[in-house]
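S.K.: The structure under discussion is supplied below as structure tokens; questions concerning it will follow.
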Amino acid sequence: MDKDYNAILSERETENITVVMAVHDQADQLEKNLPLFLDVAGEAGAQVIVVDDMSVDDTPDVLKRMRAEHQNLYTTFLPQSVIINPSRLRLALSVGVKAAKGRYVVFADINRPPVSGEWLTGLADGEAAVVYSNRKKDAVTHVVASELEDLRSLVMKTERKGGRGHRGRWMKQRRGVYDALAVKRERAFDAVNYFDQRVRGWKLAGLRLSTWL
């Protein structure tokens, strides 16, 4: 896995990016952070997809209003399913991937908005990449991987079921908390399977040992 701090996507390539995120009862975060995603995506000509997982707060109203104001925003929802599924998060992300039109799919978290317009650059020719932000300096770093599997340990460690992941601050650097995961569209469903897994005990210890951060 190679670190590439200067690789910049061409305008044509950034137009082939879809940002996907799932939300649940996060109206306040949407009000505050979704415009930041939309501004950066709008400058790059990228698409933003938000999947609402059965929110009971004002999330649907916020999304409806913002959808009317931003042509690059697409919203959908995940209904209460009668199908037994081990993870509603993975199901919601899969719904987003199905609607994605970009060459790259960027899995984002509403709690970690972009700090600059460079947030959507730096994917280069890699199959996958993770995005880190230095919020004190408004600086962005992209770590590009030639294979999605190179990022498996990092994603599973950070996004595991019951883990704090993006929603916590404890040991965030050691746990590998990143801003976003970008993958080529043909590998997006494989990437979804890394999220919301039950990882405990020695399996979690193994992920920690195998992660480069």
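Note on naming: chains are A, B, ... as they come in the structure tokens, residues start from 1 per chain, ligands start from 1 in the order shown.
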Step one, run DSSP on the backbone; step two, keep only residues of range 3-112 of chain A assigned to strand (DSSP E or B); then write them as a PyMOL selection string.
M.R.: chain A and resi 3+17-23+47-53+73-78+104-108
S.K.: Those same residues, written as a compact mmCIF listing (two decimals), in the first residue's frame with N, CA, C and O atoms?
M.R.:
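Wrote it out as out-v2.txt, contents follow:
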```txt
# COMPACT_ATOMS: atom_id res chain seq x y z
N LYS A 3 1.55 5.41 0.10
CA LYS A 3 1.04 6.71 0.51
C LYS A 3 1.25 7.69 -0.63
O LYS A 3 2.34 7.81 -1.17
N ILE A 17 -17.76 10.30 -9.39
CA ILE A 17 -17.73 9.91 -7.99
C ILE A 17 -19.12 10.01 -7.39
O ILE A 17 -19.85 10.97 -7.64
N THR A 18 -19.49 9.01 -6.60
CA THR A 18 -20.73 9.04 -5.84
C THR A 18 -20.40 8.88 -4.36
O THR A 18 -19.72 7.94 -3.97
N VAL A 19 -20.87 9.81 -3.55
CA VAL A 19 -20.71 9.74 -2.10
C VAL A 19 -21.96 9.10 -1.50
O VAL A 19 -23.07 9.54 -1.77
N VAL A 20 -21.76 8.05 -0.71
CA VAL A 20 -22.88 7.31 -0.11
C VAL A 20 -22.77 7.35 1.41
O VAL A 20 -21.69 7.13 1.95
N MET A 21 -23.88 7.64 2.08
CA MET A 21 -23.89 7.57 3.54
C MET A 21 -25.27 7.13 4.02
O MET A 21 -26.27 7.36 3.36
N ALA A 22 -25.29 6.45 5.16
CA ALA A 22 -26.53 6.03 5.80
C ALA A 22 -26.71 6.83 7.08
O ALA A 22 -25.74 7.08 7.80
N VAL A 23 -27.95 7.23 7.38
CA VAL A 23 -28.23 8.03 8.57
C VAL A 23 -29.43 7.45 9.31
O VAL A 23 -30.29 6.80 8.72
N GLN A 47 -21.98 13.12 -7.18
CA GLN A 47 -23.31 12.80 -6.70
C GLN A 47 -23.24 12.43 -5.22
O GLN A 47 -22.28 11.81 -4.77
N VAL A 48 -24.26 12.82 -4.44
CA VAL A 48 -24.36 12.45 -3.04
C VAL A 48 -25.66 11.68 -2.83
O VAL A 48 -26.74 12.14 -3.21
N ILE A 49 -25.54 10.51 -2.20
CA ILE A 49 -26.71 9.68 -1.91
C ILE A 49 -26.80 9.48 -0.40
O ILE A 49 -25.84 9.05 0.23
N VAL A 50 -27.95 9.83 0.18
CA VAL A 50 -28.19 9.62 1.60
C VAL A 50 -29.33 8.63 1.77
O VAL A 50 -30.42 8.82 1.22
N VAL A 51 -29.07 7.56 2.52
CA VAL A 51 -30.08 6.53 2.78
C VAL A 51 -30.54 6.68 4.22
O VAL A 51 -29.75 6.58 5.16
N ASP A 52 -31.82 6.95 4.41
CA ASP A 52 -32.40 7.13 5.73
C ASP A 52 -32.91 5.79 6.26
O ASP A 52 -33.79 5.17 5.66
N ASP A 53 -32.35 5.37 7.38
CA ASP A 53 -32.74 4.09 7.98
C ASP A 53 -33.79 4.33 9.06
O ASP A 53 -33.47 4.44 10.25
N LEU A 73 -28.07 15.91 -5.00
CA LEU A 73 -28.44 15.09 -3.84
C LEU A 73 -29.57 14.14 -4.20
O LEU A 73 -30.61 14.56 -4.73
N TYR A 74 -29.35 12.87 -3.92
CA TYR A 74 -30.39 11.85 -4.10
C TYR A 74 -30.63 11.21 -2.74
O TYR A 74 -29.68 10.84 -2.04
N THR A 75 -31.88 11.09 -2.35
CA THR A 75 -32.20 10.48 -1.05
C THR A 75 -33.16 9.31 -1.24
O THR A 75 -33.99 9.32 -2.15
N THR A 76 -33.01 8.33 -0.40
CA THR A 76 -33.92 7.20 -0.37
C THR A 76 -34.01 6.72 1.06
O THR A 76 -33.38 7.30 1.96
N PHE A 77 -34.79 5.69 1.30
CA PHE A 77 -34.94 5.22 2.68
C PHE A 77 -34.97 3.71 2.72
O PHE A 77 -35.28 3.04 1.74
N LEU A 78 -34.63 3.20 3.89
CA LEU A 78 -34.65 1.76 4.13
C LEU A 78 -35.86 1.46 5.01
O LEU A 78 -35.89 1.86 6.18
N TYR A 104 -16.22 5.73 -8.94
CA TYR A 104 -15.83 5.45 -7.56
C TYR A 104 -17.02 5.68 -6.64
O TYR A 104 -17.82 6.60 -6.84
N VAL A 105 -17.15 4.85 -5.61
CA VAL A 105 -18.13 5.04 -4.54
C VAL A 105 -17.35 5.42 -3.28
O VAL A 105 -16.42 4.72 -2.89
N VAL A 106 -17.74 6.52 -2.66
CA VAL A 106 -17.09 6.99 -1.45
C VAL A 106 -18.04 6.80 -0.27
O VAL A 106 -19.10 7.43 -0.22
N PHE A 107 -17.69 5.91 0.65
CA PHE A 107 -18.50 5.67 1.84
C PHE A 107 -18.13 6.71 2.88
O PHE A 107 -16.99 6.75 3.36
N ALA A 108 -19.09 7.56 3.23
CA ALA A 108 -18.82 8.67 4.13
C ALA A 108 -19.67 8.56 5.39
O ALA A 108 -20.59 7.75 5.47
```
S.K.: Pull the closest atom pair for each residue of range 103-127 of chain A that gets at most 8 Å from range 25-34 of chain A, along with the distance in Å to one decimal, counting only C-alpha atoms, ordering rows by chain and then ascending residue number, as a Markdown table.
M.R.:
```
| residue | atom | partner | partner_atom | distance |
| --- | --- | --- | --- | --- |
| A:Ile110 | CA | A:Asn33 | CA | 6.4 |
| A:Asn111 | CA | A:Gln29 | CA | 6.6 |
| A:Arg112 | CA | A:Asn33 | CA | 8.0 |
| A:Pro113 | CA | A:Asn33 | CA | 5.8 |
```
S.K.: For those residues, write C-alpha atoms to a file as a PDB file, in the first residue's frame.
M.R.:
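Produced file result.pdb, reproduced below:
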```pdb
ATOM      1  CA  ILE A 110     -22.284  12.438   8.346  1.00  0.00           C
ATOM      2  CA  ASN A 111     -20.265  13.047  11.531  1.00  0.00           C
ATOM      3  CA  ARG A 112     -17.017  13.538   9.578  1.00  0.00           C
ATOM      4  CA  PRO A 113     -17.600  16.191   6.895  1.00  0.00           C
TER       5      PRO A 113
END
```
S.K.: Taking only C-alpha atoms into account, name the residue in A:Lys137, A:Ala99, A:Glu127, A:Gly117 that is nearest to Leu151 in chain A.
M.R.: A:Glu127
S.K.: Of the residues A:Asp138, A:Asp196, A:Asp109, A:Asp58, which is the one nearest to Ala180 in chain A, using only C-alpha atoms?
M.R.: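 Result for the nearest residue to Ala180 in chain A: A:Asp109.
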S.K.: Mind giving me the straight-line distance from CA of Asp39 in chain A to CA of Ser146 in chain A in Å, one decimal?
M.R.: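 According to the coordinates, CA of Asp39 in chain A and CA of Ser146 in chain A are separated by 28.8 Å.
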S.K.: Compare A:Arg187, A:Ser153, A:Ser94, A:Met66 by their minimum atom-to-atom distance to Gly126 in chain A, counting only C-alpha atoms, and give me the closest one.
M.R.: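 Of the candidates, the smallest distance to Gly126 in chain A is held by A:Arg187.
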S.K.: With a distance cut-off of 9 Å and only C-alpha atoms, select the neighbouring residues of Leu36 in chain A, excluding the residue or stretch itself and same-chain residues fewer than 4 positions from it, and output the selection as a VMD selection string.
M.R.: chain A and resid 32 40 to 41 113 to 116
S.K.: Take the residues from that selection and write them out as an mmCIF file, in the first residue's frame, keeping N, CA, C and O atoms.
M.R.:
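Full text of selection21.cif as output:
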```cif
data_model
loop_
_atom_site.group_PDB
_atom_site.id
_atom_site.type_symbol
_atom_site.label_atom_id
_atom_site.label_comp_id
_atom_site.auth_asym_id
_atom_site.auth_seq_id
_atom_site.Cartn_x
_atom_site.Cartn_y
_atom_site.Cartn_z
ATOM 1 N N LYS A 32 -26.140 20.495 9.909
ATOM 2 C CA LYS A 32 -24.823 21.105 10.070
ATOM 3 C C LYS A 32 -23.832 20.666 9.004
ATOM 4 O O LYS A 32 -23.083 21.502 8.459
ATOM 5 N N VAL A 40 -18.740 20.529 -1.565
ATOM 6 C CA VAL A 40 -17.540 19.902 -2.128
ATOM 7 C C VAL A 40 -17.906 19.029 -3.321
ATOM 8 O O VAL A 40 -17.231 19.056 -4.359
ATOM 9 N N ALA A 41 -18.979 18.258 -3.187
ATOM 10 C CA ALA A 41 -19.409 17.397 -4.285
ATOM 11 C C ALA A 41 -19.864 18.230 -5.477
ATOM 12 O O ALA A 41 -19.605 17.874 -6.632
ATOM 13 N N PRO A 113 -17.460 15.484 8.171
ATOM 14 C CA PRO A 113 -17.600 16.191 6.895
ATOM 15 C C PRO A 113 -16.248 16.568 6.303
ATOM 16 O O PRO A 113 -15.231 16.595 7.008
ATOM 17 N N PRO A 114 -16.216 16.865 5.019
ATOM 18 C CA PRO A 114 -14.960 17.283 4.382
ATOM 19 C C PRO A 114 -14.486 18.625 4.921
ATOM 20 O O PRO A 114 -15.293 19.487 5.250
ATOM 21 N N VAL A 115 -13.170 18.786 5.011
ATOM 22 C CA VAL A 115 -12.605 20.037 5.518
ATOM 23 C C VAL A 115 -12.141 20.950 4.395
ATOM 24 O O VAL A 115 -11.842 22.124 4.633
ATOM 25 N N SER A 116 -12.049 20.418 3.168
ATOM 26 C CA SER A 116 -11.622 21.236 2.043
ATOM 27 C C SER A 116 -12.076 20.582 0.747
ATOM 28 O O SER A 116 -12.555 19.436 0.740
#
```
